[in-house]
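Pasting entry_33.txt here (compact mmCIF, C-alpha atoms and all ligand atoms):
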# COMPACT_ATOMS: atom_id res chain seq x y z
CA MET Z 1 -24.25 38.14 26.05
CA ALA Z 2 -21.18 40.34 26.35
CA GLN Z 3 -18.98 38.92 29.12
CA THR Z 4 -17.17 35.77 28.02
CA GLU Z 5 -15.65 35.69 31.57
CA SER Z 6 -19.09 34.68 32.65
CA ILE Z 7 -19.36 31.60 30.45
CA LEU Z 8 -18.86 27.99 31.42
CA VAL Z 9 -18.11 25.49 28.63
CA ALA Z 10 -18.90 21.88 29.57
CA LEU Z 11 -17.70 18.72 27.83
CA ALA Z 12 -19.07 15.33 28.90
CA THR Z 13 -16.55 12.59 28.29
CA TYR Z 14 -16.30 8.86 28.23
CA ASN Z 15 -13.10 7.61 26.58
CA GLU Z 16 -12.22 10.76 24.63
CA ILE Z 17 -8.47 10.91 25.23
CA ASP Z 18 -7.72 11.04 21.48
CA ASN Z 19 -10.00 14.06 21.01
CA LEU Z 20 -10.15 16.01 24.25
CA PRO Z 21 -6.70 17.67 24.58
CA SER Z 22 -6.81 19.28 21.12
CA LEU Z 23 -10.48 20.24 21.49
CA VAL Z 24 -9.95 21.88 24.91
CA GLY Z 25 -7.05 23.84 23.41
CA GLU Z 26 -9.21 25.04 20.52
CA VAL Z 27 -12.12 26.03 22.78
CA HIS Z 28 -9.73 28.02 24.98
CA LEU Z 29 -8.31 29.73 21.90
CA ARG Z 30 -11.81 30.77 20.77
CA LEU Z 31 -13.06 31.79 24.26
CA PRO Z 32 -9.93 32.66 26.26
CA HIS Z 33 -11.93 34.19 29.12
CA ALA Z 34 -14.39 31.32 29.57
CA SER Z 35 -14.03 28.49 32.10
CA VAL Z 36 -14.00 24.93 30.80
CA VAL Z 37 -15.21 21.92 32.78
CA VAL Z 38 -15.06 18.26 31.80
CA ILE Z 39 -17.49 15.77 33.34
CA ASP Z 40 -15.71 12.45 33.08
CA ASP Z 41 -17.19 9.09 34.03
CA ASN Z 42 -14.02 7.29 35.10
CA SER Z 43 -12.99 6.67 31.48
CA PRO Z 44 -10.67 3.64 31.31
CA ASP Z 45 -8.57 5.35 28.58
CA GLY Z 46 -7.02 7.94 30.93
CA THR Z 47 -9.22 10.95 30.04
CA GLY Z 48 -9.67 11.70 33.76
CA GLN Z 49 -5.91 11.59 34.46
CA TRP Z 50 -5.25 14.01 31.58
CA CYS Z 51 -7.87 16.32 33.06
CA GLU Z 52 -6.16 16.24 36.48
CA LYS Z 53 -2.86 17.34 34.92
CA LYS Z 54 -4.56 20.05 32.89
CA ALA Z 55 -6.43 21.38 35.94
CA ALA Z 56 -3.13 21.67 37.82
CA GLN Z 57 -1.71 23.86 35.02
CA ALA Z 58 -4.68 25.97 33.95
CA SER Z 59 -6.87 27.95 36.33
CA TRP Z 60 -9.67 28.16 33.76
CA PHE Z 61 -9.93 24.37 33.54
CA SER Z 62 -11.56 21.90 35.96
CA CYS Z 63 -12.94 18.38 35.96
CA ILE Z 64 -15.78 16.60 37.72
CA HIS Z 65 -14.82 12.94 38.19
CA ARG Z 66 -17.72 10.56 38.53
CA PRO Z 67 -17.31 6.94 39.64
CA ARG Z 68 -18.78 5.16 36.60
CA LYS Z 69 -20.52 5.68 33.26
CA MET Z 70 -23.76 7.41 34.26
CA GLY Z 71 -25.07 8.69 30.93
CA LEU Z 72 -24.67 11.85 28.85
CA GLY Z 73 -27.85 13.37 30.26
CA SER Z 74 -26.79 13.05 33.88
CA ALA Z 75 -23.44 14.65 32.99
CA LEU Z 76 -25.27 17.56 31.33
CA ARG Z 77 -27.47 17.93 34.38
CA ASP Z 78 -24.35 18.19 36.59
CA ALA Z 79 -22.96 20.82 34.19
CA MET Z 80 -26.19 22.83 34.42
CA GLN Z 81 -26.17 22.71 38.19
CA LEU Z 82 -22.54 23.80 38.23
CA ALA Z 83 -23.40 26.78 35.98
CA ILE Z 84 -26.08 27.78 38.50
CA GLU Z 85 -23.71 27.30 41.48
CA ARG Z 86 -20.94 29.34 39.84
CA GLU Z 87 -23.45 32.03 38.87
CA VAL Z 88 -22.15 32.32 35.30
CA GLU Z 89 -24.31 34.02 32.68
CA ALA Z 90 -24.43 31.08 30.31
CA LEU Z 91 -23.48 27.44 29.85
CA ILE Z 92 -22.19 26.13 26.53
CA THR Z 93 -22.13 22.38 25.91
CA LEU Z 94 -20.55 20.44 23.09
CA ASP Z 95 -19.50 16.86 22.35
CA ALA Z 96 -15.88 16.02 23.07
CA ASP Z 97 -15.27 14.25 19.74
CA TRP Z 98 -14.81 17.26 17.39
CA SER Z 99 -18.26 16.75 15.82
CA HIS Z 100 -19.23 20.26 16.93
CA PRO Z 101 -16.99 22.89 15.30
CA PRO Z 102 -15.60 25.38 17.85
CA ASP Z 103 -15.26 28.05 15.13
CA VAL Z 104 -19.04 28.62 15.37
CA LEU Z 105 -18.77 29.72 19.03
CA PRO Z 106 -18.82 33.47 18.17
CA GLN Z 107 -22.05 33.06 16.16
CA ILE Z 108 -23.60 31.10 19.02
CA LEU Z 109 -22.73 33.88 21.46
CA ASP Z 110 -24.06 36.47 19.05
CA ALA Z 111 -27.40 34.65 18.70
CA ALA Z 112 -27.70 34.54 22.51
CA ARG Z 113 -28.28 38.29 22.51
CA HIS Z 114 -31.87 37.55 21.46
CA ALA Z 115 -32.45 34.01 22.76
CA ASP Z 116 -32.37 31.99 25.98
CA VAL Z 117 -31.23 28.80 24.28
CA VAL Z 118 -29.07 28.65 21.15
CA ILE Z 119 -28.62 25.40 19.22
CA GLY Z 120 -25.70 24.57 16.94
CA SER Z 121 -27.98 23.02 14.36
CA ARG Z 122 -27.54 20.47 11.58
CA TYR Z 123 -31.07 20.91 10.31
CA CYS Z 124 -31.71 24.64 10.06
CA PRO Z 125 -30.93 26.27 6.68
CA GLY Z 126 -27.17 26.14 6.09
CA GLY Z 127 -26.59 23.22 8.49
CA LYS Z 128 -24.88 20.06 7.20
CA ILE Z 129 -23.71 16.58 8.23
CA GLU Z 130 -20.43 15.15 6.96
CA GLY Z 131 -19.26 11.54 7.20
CA TRP Z 132 -22.31 9.92 8.77
CA PRO Z 133 -23.62 6.68 7.26
CA LEU Z 134 -27.21 6.57 6.02
CA HIS Z 135 -28.55 4.67 9.08
CA ARG Z 136 -27.23 7.38 11.47
CA ARG Z 137 -28.78 10.13 9.35
CA MET Z 138 -32.12 8.30 9.26
CA ALA Z 139 -32.14 7.60 13.04
CA SER Z 140 -31.31 11.23 13.81
CA ARG Z 141 -34.02 12.53 11.45
CA ALA Z 142 -36.58 10.13 12.99
CA ILE Z 143 -35.79 11.32 16.54
CA ASN Z 144 -36.06 14.95 15.47
CA PHE Z 145 -39.31 14.35 13.63
CA ALA Z 146 -40.76 12.64 16.73
CA ALA Z 147 -39.55 15.40 19.05
CA ASN Z 148 -41.09 18.12 16.85
CA TRP Z 149 -44.34 16.32 16.29
CA LEU Z 150 -44.92 14.70 19.70
CA LEU Z 151 -43.41 17.36 21.95
CA GLY Z 152 -44.05 20.47 19.86
CA VAL Z 153 -40.56 21.81 20.55
CA PRO Z 154 -40.04 24.63 18.01
CA VAL Z 155 -36.49 23.65 17.12
CA GLN Z 156 -35.26 21.89 13.99
CA ASP Z 157 -32.37 20.08 15.68
CA CYS Z 158 -33.64 18.72 19.01
CA SER Z 159 -30.84 16.18 19.50
CA SER Z 160 -27.81 18.40 19.05
CA ASN Z 161 -25.71 18.75 22.20
CA TYR Z 162 -24.05 21.87 20.79
CA ARG Z 163 -25.97 24.44 22.81
CA LEU Z 164 -25.89 27.59 24.85
CA TYR Z 165 -28.28 27.91 27.80
CA THR Z 166 -28.71 31.13 29.75
CA THR Z 167 -28.36 30.43 33.45
CA SER Z 168 -31.30 32.65 34.38
CA LEU Z 169 -33.53 30.20 32.49
CA LEU Z 170 -31.83 27.10 33.94
CA LYS Z 171 -32.52 28.44 37.44
CA ARG Z 172 -36.24 28.08 36.77
CA VAL Z 173 -36.11 24.37 35.88
CA LYS Z 174 -37.80 21.96 38.31
CA TRP Z 175 -35.07 19.34 38.34
CA ASP Z 176 -37.26 16.69 39.99
CA ASP Z 177 -39.48 16.69 36.88
CA ILE Z 178 -36.61 15.56 34.63
CA HIS Z 179 -36.07 11.83 34.46
CA ALA Z 180 -33.91 11.09 31.41
CA SER Z 181 -30.25 10.41 32.18
CA GLY Z 182 -29.06 9.31 28.73
CA TYR Z 183 -29.17 10.94 25.28
CA ALA Z 184 -32.92 11.64 25.58
CA TYR Z 185 -32.08 14.28 28.18
CA LEU Z 186 -31.36 16.53 25.19
CA GLU Z 187 -35.00 16.38 24.07
CA GLU Z 188 -36.41 16.39 27.61
CA ILE Z 189 -34.60 19.56 28.70
CA LEU Z 190 -35.75 21.36 25.52
CA PHE Z 191 -39.32 20.29 26.22
CA ARG Z 192 -39.11 21.59 29.82
CA LEU Z 193 -37.47 24.86 28.74
CA ASP Z 194 -40.14 25.35 26.06
CA LEU Z 195 -42.83 24.97 28.76
CA LEU Z 196 -41.00 27.73 30.67
CA GLY Z 197 -41.38 30.01 27.64
CA ALA Z 198 -37.77 29.86 26.39
CA ARG Z 199 -36.81 31.80 23.26
CA PHE Z 200 -34.86 29.49 20.93
CA ALA Z 201 -32.40 30.30 18.16
CA GLU Z 202 -30.50 28.00 15.82
CA VAL Z 203 -27.12 28.60 14.24
CA PRO Z 204 -26.14 26.35 11.31
CA ILE Z 205 -23.16 24.07 11.83
CA LEU Z 206 -21.19 21.62 9.75
CA PHE Z 207 -21.39 18.48 11.89
CA SER Z 208 -18.62 15.98 11.13
CA ASN Z 209 -18.39 12.38 12.24
CA ARG Z 210 -16.19 11.90 15.33
CA GLN Z 211 -12.47 12.33 14.66
CA ALA Z 212 -11.28 9.43 16.82
CA GLY Z 213 -12.53 6.94 19.39
CA GLU Z 214 -15.73 4.94 19.50
CA SER Z 215 -19.37 5.93 19.59
CA LYS Z 216 -21.18 5.49 22.90
CA ILE Z 217 -24.63 5.37 21.37
CA ASN Z 218 -26.23 1.90 21.28
CA ALA Z 219 -29.57 0.13 20.86
CA ALA Z 220 -30.39 0.47 24.59
CA GLU Z 221 -29.88 4.26 24.40
CA ILE Z 222 -32.12 4.50 21.30
CA PHE Z 223 -34.84 2.38 22.95
CA GLY Z 224 -34.55 4.47 26.14
CA ALA Z 225 -34.89 7.67 24.08
CA ALA Z 226 -38.05 6.36 22.39
CA LEU Z 227 -39.58 5.61 25.81
CA VAL Z 228 -38.73 9.10 27.08
CA LEU Z 229 -40.34 10.72 24.02
CA PHE Z 230 -43.44 8.58 24.50
CA ARG Z 231 -43.70 9.49 28.22
CA LEU Z 232 -43.26 13.21 27.49
CA ALA Z 233 -45.84 13.07 24.68
CA ILE Z 234 -48.41 11.66 27.14
CA HIS Z 235 -47.51 14.37 29.64
CA ARG Z 236 -47.92 17.05 26.95
CA ALA Z 237 -51.31 15.62 25.89
CA SER Z 238 -52.51 15.75 29.51
CA LEU Z 239 -51.33 19.38 29.82
CA ILE Z 240 -53.22 20.34 26.64
CA PHE Z 241 -56.34 18.48 27.84
CA ARG Z 242 -56.24 20.22 31.25
CA ARG Z 243 -55.74 23.62 29.59
CA GLU Z 244 -58.74 23.04 27.29
CA GLU Z 245 -60.88 21.88 30.19
CA ALA Z 246 -59.99 25.01 32.19
CA ALA Z 247 -60.76 27.23 29.15
CA ASP Z 248 -64.13 25.44 28.79
CA ARG Z 249 -64.94 26.05 32.45
CA ASN Z 250 -64.08 29.75 32.08
CA VAL Z 251 -66.38 30.10 29.05
CA ARG Z 252 -69.27 28.45 30.93
CA SER Z 253 -68.86 30.47 34.16
N1 LIG A 301 -19.72 11.74 31.11
C1 LIG A 301 -20.29 11.01 30.15
N2 LIG A 301 -20.14 11.37 28.85
C2 LIG A 301 -20.72 10.60 27.89
C3 LIG A 301 -21.47 9.45 28.19
N3 LIG A 301 -21.91 8.92 27.02
C4 LIG A 301 -21.45 9.71 26.04
N4 LIG A 301 -20.71 10.73 26.56
C5 LIG A 301 -20.06 11.83 25.85
O1 LIG A 301 -21.09 12.51 25.17
C6 LIG A 301 -20.65 13.01 23.93
C7 LIG A 301 -21.52 12.44 22.80
O2 LIG A 301 -21.31 11.05 22.72
P1 LIG A 301 -21.01 10.30 21.32
O3 LIG A 301 -20.55 8.90 21.56
O4 LIG A 301 -20.13 11.15 20.49
O5 LIG A 301 -22.45 10.21 20.72
P2 LIG A 301 -22.90 10.58 19.27
O6 LIG A 301 -22.30 11.92 18.91
O7 LIG A 301 -24.37 10.48 19.25
O8 LIG A 301 -22.31 9.41 18.41
P3 LIG A 301 -20.90 9.30 17.64
O9 LIG A 301 -20.40 10.65 17.37
O10 LIG A 301 -21.17 8.46 16.47
O11 LIG A 301 -19.96 8.62 18.56
C8 LIG A 301 -19.18 12.60 23.82
O12 LIG A 301 -18.37 13.66 24.28
C9 LIG A 301 -19.09 11.40 24.77
O13 LIG A 301 -17.79 11.19 25.28
C10 LIG A 301 -21.61 9.08 29.57
O14 LIG A 301 -22.23 8.09 29.94
N5 LIG A 301 -21.00 9.89 30.49
MG MG A 302 -20.34 12.19 18.70
If you took the structure in this file and wrote it as structure tokens, what would it be?
Ligand SMILES: Nc1nc2c(ncn2[C@@H]2O[C@H](COP(=O)(O)OP(=O)(O)OP(=O)(O)O)[C@@H](O)[C@H]2O)c(=O)[nH]1
Ligand SMILES: [Mg+2]
Amino acid sequence: MAQTESILVALATYNEIDNLPSLVGEVHLRLPHASVVVIDDNSPDGTGQWCEKKAAQASWFSCIHRPRKMGLGSALRDAMQLAIEREVEALITLDADWSHPPDVLPQILDAARHADVVIGSRYCPGGKIEGWPLHRRMASRAINFAANWLLGVPVQDCSSNYRLYTTSLLKRVKWDDIHASGYAYLEEILFRLDLLGARFAEVPILFSNRQAGESKINAAEIFGAALVLFRLAIHRASLIFRREEAADRNVRS
């Protein structure tokens, strides 16, 4: 991954006006040749208006305005489709609340030389979480345990949105197969990319609790994520069963 001109950085936002301007500045400082896009869901706090002004000043910056809050996953899906349309080499995603440290971007790019998907990871050796209460740590661990065990995704941090995806891999995704539109999209896309034979790498990060603004995660999102994991686990079991049946038939014939 040599050409940073060919990188799109995407930030999904809902009410991130207290975080976004400084974060966009920092990302641009770290990757001056990359394009940055914000996918904003008509945030009532003026995030979209700030983006309009920024886009008028900076050619490397753009914003997709959506009419209402449609979920993190659907925003990431739009970002992935934009990366394909713009024919960039890779898409980098990160949360817009400063939880994902932009100073790790060079290591993420470096790891992409030998991987199709790179994760900024809290749970690989060297990764750390700062400022999260115990219940958030436990919920995150539980989701990751379920994703590893039920979906077999060979990644230690399946729910981190700090990622790099190579566009050549994204082009092979069958978008109609993906149903999650909320936070569970993070696990679902990894599951689909794993089925496509993706090579994964993880880079340790120090994840810090959001700098400002309010969390968008709620009980409905967590319940929705559990349902998605359950549905994907059944799908995976049926794939394994069909593969074993086919192997059996081959042995007999
Ligand atoms: N466009 C869009 N962005 C969203 C939506 N929900 C969350 N986001 C963004 O997704 C990123 C992650 O959301 P967070 O609220 O930080 O979720 P979290 O990191 O699990 O929880 P906290 O950090 O505790 O708030 C942030 O940049 C949010 O602004 C949504 O419905 N639409
Ligand atoms: Mg956050």
When you draw a straight line from CA of Cys63 (chain Z) to CA of Ile39 (chain Z), how long is it in Å?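 Separation of CA of Cys63 (chain Z) and CA of Ile39 (chain Z): 5.9 Å.
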Query - Neighbour list for region 7-24 of chain Z as a ChimeraX atom specification, cut-off 6 Å, only C-alpha atoms, skip fewer than 3 positions in-chain - result: /Z:4,27,34-41,43,45,47,88-94,96-97
Of the residues Z:Leu169, Z:Met80, Z:Ile64, Z:Ile205, which is the one nearest to Asp103 (chain Z), using only C-alpha atoms?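 Residue with the minimum atom-to-atom distance to Asp103 (chain Z): Z:Ile205.
Put simply, CA of Ala79 (chain Z) is 28.9 Å away from CA of Gly126 (chain Z).
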Could you list, as an mmCIF file with C-alpha atoms, in the frame of the given file, all protein and nucleic acid residues with an atom at most 12 Å from ligand MG 302 (chain A), counting only C-alpha atoms and all ligand atoms?
data_model
loop_
_atom_site.group_PDB
_atom_site.id
_atom_site.type_symbol
_atom_site.label_atom_id
_atom_site.label_comp_id
_atom_site.auth_asym_id
_atom_site.auth_seq_id
_atom_site.Cartn_x
_atom_site.Cartn_y
_atom_site.Cartn_z
ATOM 1 C CA LEU Z 11 -17.700 18.720 27.830
ATOM 2 C CA ALA Z 12 -19.070 15.330 28.900
ATOM 3 C CA THR Z 13 -16.550 12.590 28.290
ATOM 4 C CA TYR Z 14 -16.300 8.860 28.230
ATOM 5 C CA ASN Z 15 -13.100 7.610 26.580
ATOM 6 C CA GLU Z 16 -12.220 10.760 24.630
ATOM 7 C CA ASN Z 19 -10.000 14.060 21.010
ATOM 8 C CA LEU Z 72 -24.670 11.850 28.850
ATOM 9 C CA LEU Z 94 -20.550 20.440 23.090
ATOM 10 C CA ASP Z 95 -19.500 16.860 22.350
ATOM 11 C CA ALA Z 96 -15.880 16.020 23.070
ATOM 12 C CA ASP Z 97 -15.270 14.250 19.740
ATOM 13 C CA TRP Z 98 -14.810 17.260 17.390
ATOM 14 C CA SER Z 99 -18.260 16.750 15.820
ATOM 15 C CA HIS Z 100 -19.230 20.260 16.930
ATOM 16 C CA PRO Z 101 -16.990 22.890 15.300
ATOM 17 C CA ILE Z 129 -23.710 16.580 8.230
ATOM 18 C CA GLY Z 131 -19.260 11.540 7.200
ATOM 19 C CA TRP Z 132 -22.310 9.920 8.770
ATOM 20 C CA ARG Z 136 -27.230 7.380 11.470
ATOM 21 C CA SER Z 159 -30.840 16.180 19.500
ATOM 22 C CA SER Z 160 -27.810 18.400 19.050
ATOM 23 C CA ASN Z 161 -25.710 18.750 22.200
ATOM 24 C CA TYR Z 162 -24.050 21.870 20.790
ATOM 25 C CA TYR Z 183 -29.170 10.940 25.280
ATOM 26 C CA PHE Z 207 -21.390 18.480 11.890
ATOM 27 C CA SER Z 208 -18.620 15.980 11.130
ATOM 28 C CA ASN Z 209 -18.390 12.380 12.240
ATOM 29 C CA ARG Z 210 -16.190 11.900 15.330
ATOM 30 C CA GLN Z 211 -12.470 12.330 14.660
ATOM 31 C CA ALA Z 212 -11.280 9.430 16.820
ATOM 32 C CA GLY Z 213 -12.530 6.940 19.390
ATOM 33 C CA GLU Z 214 -15.730 4.940 19.500
ATOM 34 C CA SER Z 215 -19.370 5.930 19.590
ATOM 35 C CA LYS Z 216 -21.180 5.490 22.900
ATOM 36 C CA ILE Z 217 -24.630 5.370 21.370
#
Report as lines of an AutoDock Vina configuration file the centre and the edge lengths, in Å to one decimal, of the axis-aligned box holding every listed atom of ligand LIG 301 (chain A), padded by 8 Å on each side.
center_x = -21.1
center_y = 10.9
center_z = 23.8
size_x = 22.6
size_y = 21.6
size_z = 30.6
Could you check how far atom C10 of ligand LIG 301 (chain A) sits from CA of Gly73 (chain Z), in Å to one decimal?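 One can read the atom C10 of ligand LIG 301 (chain A) to CA of Gly73 (chain Z) distance as 7.6 Å.
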Judged by only C-alpha atoms, the minimum distance to Gln49 (chain Z) among Z:Asp177, Z:Arg122, Z:Ser62, Z:Pro204 is found for Z:Ser62
Test item: residues at most 12 Å from Val228 (chain Z), only C-alpha atoms, excluding those fewer than 2 positions along its chain, as a tab-separated table (two decimals) with C-alpha atoms, keeping the file's coordinate frame:
chain	number	residue	atom	x	y	z
Z	143	ILE	CA	-35.79	11.32	16.54
Z	146	ALA	CA	-40.76	12.64	16.73
Z	147	ALA	CA	-39.55	15.40	19.05
Z	150	LEU	CA	-44.92	14.70	19.70
Z	151	LEU	CA	-43.41	17.36	21.95
Z	178	ILE	CA	-36.61	15.56	34.63
Z	179	HIS	CA	-36.07	11.83	34.46
Z	180	ALA	CA	-33.91	11.09	31.41
Z	181	SER	CA	-30.25	10.41	32.18
Z	182	GLY	CA	-29.06	9.31	28.73
Z	183	TYR	CA	-29.17	10.94	25.28
Z	184	ALA	CA	-32.92	11.64	25.58
Z	185	TYR	CA	-32.08	14.28	28.18
Z	186	LEU	CA	-31.36	16.53	25.19
Z	187	GLU	CA	-35.00	16.38	24.07
Z	188	GLU	CA	-36.41	16.39	27.61
Z	189	ILE	CA	-34.60	19.56	28.70
Z	191	PHE	CA	-39.32	20.29	26.22
Z	221	GLU	CA	-29.88	4.26	24.40
Z	222	ILE	CA	-32.12	4.50	21.30
Z	223	PHE	CA	-34.84	2.38	22.95
Z	224	GLY	CA	-34.55	4.47	26.14
Z	225	ALA	CA	-34.89	7.67	24.08
Z	226	ALA	CA	-38.05	6.36	22.39
Z	230	PHE	CA	-43.44	8.58	24.50
Z	231	ARG	CA	-43.70	9.49	28.22
Z	232	LEU	CA	-43.26	13.21	27.49
Z	233	ALA	CA	-45.84	13.07	24.68
Z	234	ILE	CA	-48.41	11.66	27.14
Z	235	HIS	CA	-47.51	14.37	29.64
Residue with the minimum atom-to-atom distance to Asp116 (chain Z), picked from Z:Tyr165, Z:Trp60, Z:Phe145, Z:Trp50 with all atoms listed in the file counted, is Z:Tyr165
Might you pull out every residue within 9 Å of Ala112 (chain Z), with only C-alpha atoms counted and same-chain residues fewer than 5 positions away left off, and present them as a CSV table (one decimal) with C-alpha atoms, keeping the file's coordinate frame?
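As a result, selection-v6.csv now contains:
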chain,number,residue,atom,x,y,z
Z,1,MET,CA,-24.2,38.1,26.0
Z,107,GLN,CA,-22.0,33.1,16.2
Z,117,VAL,CA,-31.2,28.8,24.3
Z,118,VAL,CA,-29.1,28.6,21.2
Z,164,LEU,CA,-25.9,27.6,24.8
Z,165,TYR,CA,-28.3,27.9,27.8
Z,166,THR,CA,-28.7,31.1,29.8
Z,200,PHE,CA,-34.9,29.5,20.9
Z,201,ALA,CA,-32.4,30.3,18.2
Of Z:Leu206, Z:Ala111, Z:Met70, Z:Ala219, the one sitting nearest Glu130 (chain Z) when using all atoms listed in the file is Z:Leu206
